[in-house]
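Participant: Contents of target02.cif (mmCIF, C-alpha atoms) are below:
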```cif
data_final
loop_
_atom_site.label_atom_id
_atom_site.label_comp_id
_atom_site.auth_asym_id
_atom_site.auth_seq_id
_atom_site.Cartn_x
_atom_site.Cartn_y
_atom_site.Cartn_z
CA MET A 944 -18.31 -26.68 -5.39
CA ASN A 945 -14.98 -25.50 -6.81
CA ALA A 946 -14.64 -23.41 -9.96
CA SER A 947 -13.68 -26.25 -12.31
CA THR A 948 -16.49 -28.51 -11.08
CA GLY A 949 -18.98 -25.64 -11.33
CA THR A 950 -17.88 -24.77 -14.85
CA LEU A 951 -18.15 -28.38 -16.04
CA ALA A 952 -21.57 -28.82 -14.47
CA ALA A 953 -22.86 -25.55 -15.89
CA GLU A 954 -21.47 -26.23 -19.37
CA THR A 955 -23.11 -29.63 -19.40
CA LEU A 956 -26.43 -28.27 -18.19
CA VAL A 957 -26.59 -25.22 -20.43
CA SER A 958 -25.48 -27.18 -23.49
CA SER A 959 -28.28 -29.67 -22.98
CA SER A 960 -31.45 -29.24 -24.99
CA HIS A 961 -33.82 -29.34 -22.06
CA VAL A 962 -32.58 -28.24 -18.65
CA PRO A 963 -35.03 -28.13 -15.77
CA ALA A 964 -35.06 -24.65 -14.25
CA GLU A 965 -34.94 -26.25 -10.79
CA LEU A 966 -31.56 -27.75 -11.64
CA LEU A 967 -30.06 -24.46 -12.81
CA ASP A 968 -31.46 -22.76 -9.72
CA SER A 969 -29.98 -25.33 -7.35
CA ILE A 970 -26.37 -24.53 -8.32
CA GLU A 971 -24.59 -22.01 -6.08
CA VAL A 972 -23.15 -20.27 -9.10
CA GLY A 973 -24.62 -17.45 -11.15
CA ILE A 974 -25.68 -18.75 -14.58
CA ALA A 975 -26.77 -16.50 -17.42
CA VAL A 976 -27.11 -17.18 -21.13
CA ILE A 977 -26.60 -14.12 -23.32
CA ASP A 978 -26.84 -13.69 -27.10
CA ARG A 979 -24.63 -11.73 -29.50
CA ASN A 980 -26.57 -8.54 -28.80
CA PHE A 981 -26.04 -9.06 -25.07
CA ASN A 982 -29.72 -9.74 -24.50
CA VAL A 983 -30.29 -12.08 -21.56
CA GLN A 984 -31.93 -15.45 -22.28
CA VAL A 985 -31.35 -17.33 -19.01
CA TRP A 986 -31.03 -15.83 -15.52
CA ASN A 987 -30.91 -18.34 -12.68
CA LYS A 988 -32.00 -18.03 -9.06
CA PHE A 989 -28.48 -17.22 -7.79
CA LEU A 990 -28.41 -14.14 -10.02
CA GLU A 991 -31.99 -13.25 -9.10
CA ASN A 992 -31.18 -13.34 -5.40
CA HIS A 993 -27.97 -11.34 -5.59
CA SER A 994 -29.02 -8.77 -8.19
CA ALA A 995 -32.59 -8.31 -6.90
CA LYS A 996 -33.66 -8.58 -10.54
CA LYS A 997 -36.25 -11.23 -11.35
CA ALA A 998 -35.70 -13.41 -14.39
CA ASN A 999 -38.94 -12.28 -16.04
CA ALA A 1000 -37.81 -8.65 -15.71
CA ILE A 1001 -34.38 -9.13 -17.28
CA ILE A 1002 -34.85 -11.89 -19.87
CA GLY A 1003 -35.17 -10.45 -23.36
CA THR A 1004 -33.46 -7.18 -22.39
CA SER A 1005 -29.89 -5.92 -22.66
CA LEU A 1006 -27.50 -6.82 -19.86
CA PHE A 1007 -26.04 -3.32 -20.09
CA SER A 1008 -29.40 -1.65 -19.38
CA HIS A 1009 -29.52 -3.32 -15.97
CA PHE A 1010 -25.87 -3.02 -14.93
CA PRO A 1011 -24.47 0.42 -15.76
CA GLU A 1012 -21.24 -0.44 -13.92
CA ILE A 1013 -20.24 -2.69 -16.84
CA GLU A 1014 -18.06 -0.92 -19.39
CA GLU A 1015 -19.81 -1.95 -22.60
CA LYS A 1016 -16.89 -1.38 -24.97
CA TRP A 1017 -14.54 -3.32 -22.68
CA LEU A 1018 -16.88 -6.30 -22.30
CA ARG A 1019 -17.62 -6.52 -26.04
CA THR A 1020 -13.88 -6.60 -26.72
CA LYS A 1021 -13.30 -9.09 -23.90
CA ILE A 1022 -15.97 -11.46 -25.20
CA ASP A 1023 -14.77 -11.40 -28.81
CA PRO A 1024 -12.76 -14.68 -28.58
CA VAL A 1025 -15.90 -16.48 -27.39
CA PHE A 1026 -17.75 -15.75 -30.66
CA ASN A 1027 -14.85 -15.68 -33.11
CA LEU A 1028 -12.51 -18.34 -31.70
CA LYS A 1029 -15.03 -20.45 -29.75
CA SER A 1030 -12.70 -20.00 -26.81
CA PRO A 1031 -13.69 -19.43 -23.16
CA VAL A 1032 -12.81 -16.14 -21.45
CA PHE A 1033 -12.01 -15.67 -17.78
CA ILE A 1034 -12.18 -12.64 -15.52
CA ILE A 1035 -10.55 -13.02 -12.10
CA TRP A 1036 -11.17 -10.78 -9.13
CA GLU A 1037 -7.50 -9.69 -8.89
CA GLN A 1038 -7.88 -8.03 -12.31
CA ARG A 1039 -11.40 -6.70 -11.76
CA PRO A 1040 -13.09 -7.22 -8.38
CA TYR A 1041 -16.50 -7.84 -9.95
CA LEU A 1042 -18.39 -7.81 -13.24
CA LEU A 1043 -21.87 -7.39 -11.78
CA LYS A 1044 -21.90 -5.23 -8.67
CA PHE A 1045 -23.70 -7.27 -6.01
CA ASP A 1046 -23.85 -6.42 -2.33
CA CYS A 1047 -21.98 -8.75 -0.03
CA ASN A 1048 -24.69 -10.71 1.81
CA ARG A 1049 -22.27 -12.45 4.14
CA PRO A 1050 -22.51 -12.11 7.95
CA VAL A 1051 -22.28 -8.63 9.42
CA THR A 1052 -18.64 -9.32 10.33
CA CYS A 1053 -17.74 -9.44 6.62
CA ALA A 1054 -15.48 -6.54 5.70
CA ALA A 1055 -16.42 -6.52 2.00
CA GLU A 1056 -18.70 -3.84 0.56
CA PHE A 1057 -19.48 -5.99 -2.49
CA MET A 1058 -19.21 -9.55 -3.74
CA TYR A 1059 -15.82 -10.39 -5.22
CA GLN A 1060 -16.33 -12.48 -8.36
CA ASN A 1061 -14.56 -14.79 -10.73
CA VAL A 1062 -16.38 -14.96 -14.05
CA THR A 1063 -16.16 -17.56 -16.81
CA MET A 1064 -17.76 -16.99 -20.22
CA PHE A 1065 -17.82 -19.89 -22.67
CA PRO A 1066 -19.37 -20.34 -26.12
CA ILE A 1067 -22.58 -22.27 -26.75
CA VAL A 1068 -22.13 -23.89 -30.14
CA ASP A 1069 -25.34 -24.69 -32.07
CA LYS A 1070 -25.87 -27.70 -34.35
CA SER A 1071 -24.54 -25.82 -37.36
CA GLY A 1072 -21.31 -25.04 -35.51
CA ARG A 1073 -22.07 -21.34 -35.04
CA VAL A 1074 -21.83 -19.45 -31.78
CA GLU A 1075 -24.79 -17.18 -31.30
CA ARG A 1076 -24.89 -17.30 -27.51
CA PHE A 1077 -22.54 -17.62 -24.59
CA CYS A 1078 -22.92 -18.73 -21.01
CA MET A 1079 -21.68 -16.55 -18.19
CA LEU A 1080 -20.83 -18.17 -14.86
CA VAL A 1081 -20.44 -15.91 -11.85
CA TYR A 1082 -18.63 -17.32 -8.79
CA ASP A 1083 -18.76 -15.72 -5.37
CA VAL A 1084 -15.10 -15.68 -4.24
CA THR A 1085 -15.47 -13.07 -1.50
CA GLU A 1086 -14.08 -15.35 1.20
CA GLN A 1087 -10.99 -16.25 -0.78
CA ALA A 1088 -10.43 -12.64 -1.85
CA LEU A 1089 -10.70 -11.28 1.69
CA GLY A 1090 -8.35 -13.99 2.92
CA LYS A 1091 -5.73 -13.07 0.35
CA LEU A 1092 -6.19 -9.33 0.85
CA GLY A 1093 -5.93 -9.81 4.61
CA MET A 1094 -2.70 -11.75 4.21
CA GLU A 1095 -1.28 -9.07 1.91
CA HIS A 1096 -2.22 -6.39 4.44
CA LEU A 1097 -0.58 -8.39 7.23
CA ASN A 1098 2.57 -8.85 5.14
CA GLU A 1099 2.65 -5.11 4.47
CA GLU A 1100 2.33 -4.40 8.20
CA LEU A 1101 5.14 -6.84 8.95
CA LYS A 1102 7.30 -5.19 6.29
CA THR A 1103 6.61 -1.76 7.81
CA ALA A 1104 7.34 -3.07 11.31
CA SER A 1105 10.70 -4.39 10.14
CA ARG A 1106 11.65 -0.95 8.80
CA VAL A 1107 10.20 1.47 11.32
CA ASP A 1108 11.25 2.25 14.87
CA GLY A 1109 8.33 1.43 17.14
CA LEU A 1110 8.71 4.44 19.43
CA THR A 1111 9.34 7.24 16.95
CA GLY A 1112 7.82 6.10 13.65
CA LEU A 1113 11.09 7.00 11.90
CA PHE A 1114 13.18 4.39 10.10
CA ASN A 1115 15.03 2.06 12.44
CA ARG A 1116 18.82 1.92 12.35
CA ARG A 1117 19.08 -1.25 10.23
CA TYR A 1118 16.77 -0.05 7.47
CA TRP A 1119 18.10 3.51 7.64
CA GLN A 1120 21.60 2.14 7.13
CA GLU A 1121 20.47 0.17 4.06
CA ARG A 1122 18.90 3.26 2.53
CA PHE A 1123 21.91 5.39 3.49
CA ASP A 1124 24.27 3.01 1.68
CA GLU A 1125 22.10 3.36 -1.45
CA MET A 1126 22.08 7.17 -1.16
CA HIS A 1127 25.85 7.19 -0.80
CA LYS A 1128 26.17 5.26 -4.09
CA LEU A 1129 23.85 7.77 -5.78
CA CYS A 1130 25.92 10.66 -4.49
CA VAL A 1131 29.10 9.05 -5.84
CA ARG A 1132 27.51 8.61 -9.29
CA ARG A 1133 25.61 11.89 -9.56
CA GLU A 1134 28.04 14.20 -7.77
CA LYS A 1135 25.12 16.23 -6.45
CA PRO A 1136 25.34 17.82 -3.01
CA SER A 1137 23.71 16.04 -0.09
CA THR A 1138 24.36 16.62 3.60
CA ALA A 1139 24.45 14.21 6.53
CA LEU A 1140 23.12 15.50 9.82
CA MET A 1141 23.56 13.78 13.20
CA LEU A 1142 21.81 15.05 16.32
CA ASP A 1143 21.06 13.98 19.84
CA ILE A 1144 19.41 15.29 22.98
CA ASP A 1145 21.61 17.24 25.36
CA HIS A 1146 21.98 15.80 28.88
CA PHE A 1147 19.46 13.06 28.09
CA LYS A 1148 20.60 10.92 31.03
CA ARG A 1149 19.57 13.77 33.31
CA VAL A 1150 16.04 13.66 31.84
CA ASN A 1151 15.79 9.91 32.51
CA ASP A 1152 17.25 10.20 36.02
CA THR A 1153 15.00 13.12 36.97
CA TYR A 1154 11.69 12.18 35.37
CA GLY A 1155 12.00 8.46 34.60
CA HIS A 1156 12.39 6.41 31.43
CA GLN A 1157 8.78 6.88 30.33
CA ALA A 1158 9.36 10.62 30.31
CA GLY A 1159 12.57 10.07 28.36
CA ASP A 1160 10.68 8.01 25.78
CA LYS A 1161 8.12 10.80 25.46
CA VAL A 1162 10.87 13.36 24.84
CA ILE A 1163 12.39 11.12 22.13
CA LYS A 1164 8.97 10.65 20.54
CA MET A 1165 8.23 14.39 20.51
CA LEU A 1166 11.63 15.18 19.01
CA ALA A 1167 11.02 12.59 16.27
CA ALA A 1168 7.69 14.24 15.43
CA LEU A 1169 9.48 17.59 15.24
CA ILE A 1170 12.11 16.15 12.89
CA LYS A 1171 9.38 14.78 10.60
CA ARG A 1172 7.93 18.28 10.29
CA CYS A 1173 11.31 19.79 9.43
CA VAL A 1174 12.46 17.40 6.70
CA ARG A 1175 11.09 16.56 3.25
CA GLU A 1176 9.75 13.26 1.98
CA THR A 1177 12.85 12.90 -0.16
CA ASP A 1178 15.13 13.15 2.89
CA LEU A 1179 16.14 10.13 4.95
CA ALA A 1180 15.49 10.39 8.69
CA GLY A 1181 15.98 7.62 11.22
CA ARG A 1182 16.53 6.84 14.87
CA TYR A 1183 20.15 5.84 14.97
CA GLY A 1184 20.15 4.65 18.57
CA GLY A 1185 18.86 5.77 21.96
CA GLU A 1186 18.38 9.53 21.77
CA GLU A 1187 20.50 9.90 18.63
CA PHE A 1188 19.04 10.60 15.17
CA ALA A 1189 20.55 10.58 11.69
CA ILE A 1190 19.26 12.49 8.66
CA ILE A 1191 20.42 12.70 5.05
CA LEU A 1192 19.21 15.90 3.42
CA ASN A 1193 18.99 14.92 -0.22
CA ASP A 1194 20.19 17.37 -2.90
CA SER A 1195 21.11 19.88 -0.18
CA THR A 1196 24.31 21.81 0.27
CA VAL A 1197 25.63 22.37 3.77
CA ASP A 1198 24.24 25.92 3.57
CA ASP A 1199 20.75 24.48 2.89
CA ALA A 1200 21.27 22.05 5.75
CA LYS A 1201 22.23 24.83 8.16
CA ALA A 1202 18.72 26.27 7.84
CA VAL A 1203 17.16 22.86 8.61
CA ALA A 1204 19.51 22.28 11.56
CA GLU A 1205 18.74 25.69 13.04
CA ARG A 1206 15.02 25.12 12.61
CA ILE A 1207 15.22 21.81 14.46
CA ARG A 1208 17.38 23.37 17.19
CA GLN A 1209 15.01 26.30 17.76
CA PHE A 1210 11.86 24.17 17.72
CA ALA A 1211 13.38 21.70 20.19
CA GLN A 1212 14.42 24.54 22.52
CA ARG A 1213 10.85 25.88 22.56
CA LEU A 1214 9.20 22.49 22.94
CA VAL A 1215 7.72 21.64 26.36
CA VAL A 1216 6.96 17.98 27.06
CA GLU A 1217 4.29 17.38 29.69
CA HIS A 1218 4.61 14.20 31.78
CA GLU A 1219 2.68 13.39 34.95
CA GLY A 1220 2.27 17.05 35.85
CA GLU A 1221 5.87 17.93 35.07
CA SER A 1222 7.03 20.23 32.26
CA ILE A 1223 10.23 19.04 30.60
CA ASN A 1224 12.46 21.30 28.50
CA PHE A 1225 15.40 20.04 26.47
CA THR A 1226 17.86 21.11 23.78
CA VAL A 1227 19.67 19.30 20.98
CA SER A 1228 23.10 19.45 19.40
CA LEU A 1229 23.73 18.76 15.72
CA GLY A 1230 26.62 17.93 13.42
CA LEU A 1231 26.63 18.47 9.65
CA ALA A 1232 28.82 17.08 6.89
CA GLN A 1233 28.29 17.68 3.18
CA PHE A 1234 29.06 14.76 0.87
CA SER A 1235 32.51 14.75 -0.68
CA PRO A 1236 33.92 12.41 -3.34
CA ASP A 1237 36.63 11.68 -0.76
CA PHE A 1238 34.04 9.66 1.19
CA LYS A 1239 34.66 6.35 -0.56
CA GLU A 1240 32.65 4.47 2.07
CA PRO A 1241 29.26 5.50 3.54
CA MET A 1242 30.51 5.37 7.14
CA ALA A 1243 33.33 7.81 6.38
CA TRP A 1244 30.68 10.38 5.54
CA LEU A 1245 28.61 9.66 8.64
CA GLU A 1246 31.65 9.71 10.91
CA CYS A 1247 32.39 13.25 9.76
CA ALA A 1248 28.88 14.34 10.77
CA ASP A 1249 29.41 12.56 14.08
CA GLN A 1250 32.69 14.43 14.63
CA ALA A 1251 30.85 17.71 13.99
CA LEU A 1252 28.20 16.66 16.53
CA TYR A 1253 30.95 15.97 19.08
CA GLN A 1254 32.36 19.44 18.39
CA ALA A 1255 28.91 20.99 19.03
CA LYS A 1256 28.82 19.21 22.39
CA GLU A 1257 32.32 20.39 23.25
CA ASN A 1258 31.40 23.97 22.34
CA GLY A 1259 28.57 24.07 24.88
CA ARG A 1260 25.65 22.16 23.30
CA ASN A 1261 22.36 23.56 21.94
CA GLN A 1262 24.01 24.44 18.61
CA TYR A 1263 25.12 22.94 15.32
CA CYS A 1264 28.64 22.56 13.98
CA ILE A 1265 29.83 21.86 10.43
CA TYR A 1266 32.57 19.39 9.58
CA THR A 1267 35.47 21.10 7.88
#
```
How does the structure come out when it is put into structure tokens?

Facilitator:
Amino acid sequence: MNASTGTLAAETLVSSSHVPAELLDSIEVGIAVIDRNFNVQVWNKFLENHSAKKANAIIGTSLFSHFPEIEEKWLRTKIDPVFNLKSPVFIIWEQRPYLLKFDCNRPVTCAAEFMYQNVTMFPIVDKSGRVERFCMLVYDVTEQALGKLGMEHLNEELKTASRVDGLTGLFNRRYWQERFDEMHKLCVRREKPSTALMLDIDHFKRVNDTYGHQAGDKVIKMLAALIKRCVRETDLAGRYGGEEFAIILNDSTVDDAKAVAERIRQFAQRLVVEHEGESINFTVSLGLAQFSPDFKEPMAWLECADQALYQAKENGRNQYCIYT
């Protein structure tokens, strides 16, 4: 039974003068009738089964005394249109996962800790036209909710996968470039110092030729983990290609960046990568370029850092150089 069919059936039944209890209990929807003081008058079998509260124990008592998870002030405000405007009120699980906290009694494979609910509350108008009671319909929408949440989670994973380099966990080149272009625009507007840093692994081909490509991948992965430890969340670090990495140190002068570059260089020099019984040592070279208003295009800035990296290689590797 869908929500609209269930609502129509329940409205018809509850509004009738004499409704067999068996009929209310046969509907796979929670049905409760509640008065202005929030005392329960009807509590069907669906609600009995899921709340573990028998009708004879809850009828005539306040709904709030049995379900402390309900925020009384919120619900009284929410229900106001039912009494004053004779208008139905809806609560959907995306806004509030549940009104009454019921355990999820689905198969053991169900990932939910509770029943997700959609709730409809509509006025019961008496013969004089007054509304002294309302009917509350509780729908179990756990399956639909989990399906939607699962799809959202999958979409989030796909989004992450499109941004992150699979080997290193740093941003991939495409996404890094997008973010770098944005940071360049910010630097142009704000005129605050930021520094680009390019680095790569010295003699990386020798590592691959000596120990194999799996060992080379492990070296790249370990260096990426080291870089993550040395930069801040506000910085932009990515794998630019192969064994080359690019970092933008946000709001950092070249003097600030020198300390970061030296830290990365020293940590890399001390790092030992173990692979199939072999111990692999490596070093890195780095090039730094502080942002200048002369860099009208993002790549002009990055090319300066790349030139400084080339200079570090020419000077003997295992060092950093600054673009001047």

Participant: Any idea what the distance is between CA of Lys1201 (chain A) and CA of Leu1110 (chain A)?

Facilitator: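 Atom-to-atom, CA of Lys1201 (chain A) to CA of Leu1110 (chain A), that is 26.9 Å.
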
Participant: Can you spell out as a list in words the set of residues that the PyMOL selection byres ((chain A and resi 973) around 10) selects in the structure I just provided?

Facilitator: Gly949, Ala953, Leu967, Asp968, Ile970, Glu971, Val972, Ile974, Ala975, Trp986, Asn987, Lys988, Phe989, Leu990, Glu991, Asn992, His993, Val1062, Met1079, Leu1080, Val1081, Tyr1082 and Asp1083 of chain A

Participant: Could you produce a table of the residues of region 1119-1159 of chain A lying within 8 Å of region 1172-1183 of chain A, with the nearest pair of atoms per residue and their separation in Å rounded to one decimal, using all atoms listed in the file, ordered by chain and increasing residue number, as JSON lines?

Facilitator:
```
{"residue": "A:Trp1119", "atom": "CA", "partner": "A:Gly1181", "partner_atom": "CA", "distance": 5.8}
{"residue": "A:Arg1122", "atom": "CA", "partner": "A:Leu1179", "partner_atom": "CA", "distance": 7.8}
{"residue": "A:Phe1123", "atom": "CA", "partner": "A:Leu1179", "partner_atom": "CA", "distance": 7.6}
```

Participant: Hey, can you spit out that residue selection with C-alpha atoms as an mmCIF file, keeping the file's coordinate frame?

Facilitator:
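The file below, out21.cif, is the result:
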```cif
data_model
loop_
_atom_site.group_PDB
_atom_site.id
_atom_site.type_symbol
_atom_site.label_atom_id
_atom_site.label_comp_id
_atom_site.auth_asym_id
_atom_site.auth_seq_id
_atom_site.Cartn_x
_atom_site.Cartn_y
_atom_site.Cartn_z
ATOM 1 C CA TRP A 1119 18.100 3.510 7.640
ATOM 2 C CA ARG A 1122 18.900 3.260 2.530
ATOM 3 C CA PHE A 1123 21.910 5.390 3.490
#
```

Participant: Between A:Ile1001, A:Leu1028, A:Cys1130, A:Ala1088, which one has atoms that come closest to Tyr1041 (chain A), using all atoms listed in the file?

Facilitator: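 The shortest atom-to-atom distance to Tyr1041 (chain A) comes from A:Ala1088.
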
Participant: Just say which residues the PyMOL selection byres ((chain A and resi 1188) around 12) picks in this file, as a PDB file with C-alpha atoms, keeping the file's coordinate frame.

Facilitator:
```pdb
ATOM      1  CA  ASP A1108      11.250   2.250  14.870  1.00  0.00           C
ATOM      2  CA  THR A1111       9.340   7.240  16.950  1.00  0.00           C
ATOM      3  CA  LEU A1113      11.090   7.000  11.900  1.00  0.00           C
ATOM      4  CA  PHE A1114      13.180   4.390  10.100  1.00  0.00           C
ATOM      5  CA  ASN A1115      15.030   2.060  12.440  1.00  0.00           C
ATOM      6  CA  ARG A1116      18.820   1.920  12.350  1.00  0.00           C
ATOM      7  CA  TRP A1119      18.100   3.510   7.640  1.00  0.00           C
ATOM      8  CA  GLN A1120      21.600   2.140   7.130  1.00  0.00           C
ATOM      9  CA  ALA A1139      24.450  14.210   6.530  1.00  0.00           C
ATOM     10  CA  LEU A1140      23.120  15.500   9.820  1.00  0.00           C
ATOM     11  CA  MET A1141      23.560  13.780  13.200  1.00  0.00           C
ATOM     12  CA  LEU A1142      21.810  15.050  16.320  1.00  0.00           C
ATOM     13  CA  ASP A1143      21.060  13.980  19.840  1.00  0.00           C
ATOM     14  CA  ILE A1144      19.410  15.290  22.980  1.00  0.00           C
ATOM     15  CA  ILE A1163      12.390  11.120  22.130  1.00  0.00           C
ATOM     16  CA  LYS A1164       8.970  10.650  20.540  1.00  0.00           C
ATOM     17  CA  LEU A1166      11.630  15.180  19.010  1.00  0.00           C
ATOM     18  CA  ALA A1167      11.020  12.590  16.270  1.00  0.00           C
ATOM     19  CA  ALA A1168       7.690  14.240  15.430  1.00  0.00           C
ATOM     20  CA  LEU A1169       9.480  17.590  15.240  1.00  0.00           C
ATOM     21  CA  ILE A1170      12.110  16.150  12.890  1.00  0.00           C
ATOM     22  CA  LYS A1171       9.380  14.780  10.600  1.00  0.00           C
ATOM     23  CA  LEU A1179      16.140  10.130   4.950  1.00  0.00           C
ATOM     24  CA  ALA A1180      15.490  10.390   8.690  1.00  0.00           C
ATOM     25  CA  GLY A1181      15.980   7.620  11.220  1.00  0.00           C
ATOM     26  CA  ARG A1182      16.530   6.840  14.870  1.00  0.00           C
ATOM     27  CA  TYR A1183      20.150   5.840  14.970  1.00  0.00           C
ATOM     28  CA  GLY A1184      20.150   4.650  18.570  1.00  0.00           C
ATOM     29  CA  GLY A1185      18.860   5.770  21.960  1.00  0.00           C
ATOM     30  CA  GLU A1186      18.380   9.530  21.770  1.00  0.00           C
ATOM     31  CA  GLU A1187      20.500   9.900  18.630  1.00  0.00           C
ATOM     32  CA  ALA A1189      20.550  10.580  11.690  1.00  0.00           C
ATOM     33  CA  ILE A1190      19.260  12.490   8.660  1.00  0.00           C
ATOM     34  CA  ILE A1191      20.420  12.700   5.050  1.00  0.00           C
ATOM     35  CA  ILE A1207      15.220  21.810  14.460  1.00  0.00           C
ATOM     36  CA  VAL A1227      19.670  19.300  20.980  1.00  0.00           C
ATOM     37  CA  SER A1228      23.100  19.450  19.400  1.00  0.00           C
ATOM     38  CA  LEU A1229      23.730  18.760  15.720  1.00  0.00           C
ATOM     39  CA  GLY A1230      26.620  17.930  13.420  1.00  0.00           C
ATOM     40  CA  LEU A1245      28.610   9.660   8.640  1.00  0.00           C
ATOM     41  CA  ALA A1248      28.880  14.340  10.770  1.00  0.00           C
ATOM     42  CA  ASP A1249      29.410  12.560  14.080  1.00  0.00           C
ATOM     43  CA  LEU A1252      28.200  16.660  16.530  1.00  0.00           C
TER      44      LEU A1252
END
```

Participant: Taking 3 positions as the minimum chain separation for residues in the same chain, which residues sit within 6 Å of Asn1061 (chain A) when counting all atoms listed in the file? Answer as a count of residues only.

Facilitator: 4

Participant: Could you list, as a ChimeraX atom specification, every residue within 8 Å of Pro1066 (chain A), counting all atoms listed in the file and ignoring same-chain residues fewer than 5 positions away?

Facilitator: /A:1025-1026,1029-1031,1074,1076-1078

Participant: Evaluating the PyMOL selection byres ((chain A and resi 980) around 10) on the displayed file yields which residues, as JSON, numbers by chain?

Facilitator: {"A": [977, 978, 979, 981, 982, 983, 1004, 1005, 1006, 1019, 1075, 1076]}

Participant: Using Å and a single decimal, report how far CA of Leu1042 (chain A) sits from CA of Thr1063 (chain A).

Facilitator: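 So the two atoms, CA of Thr1063 (chain A) and CA of Leu1042 (chain A), lie 10.6 Å apart.
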
Participant: Just give me the gap between CA of Ala1200 (chain A) and CA of Ala1232 (chain A) in Å, one decimal is fine.

Facilitator: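 Result for CA of Ala1200 (chain A) versus CA of Ala1232 (chain A): 9.1 Å, one decimal.
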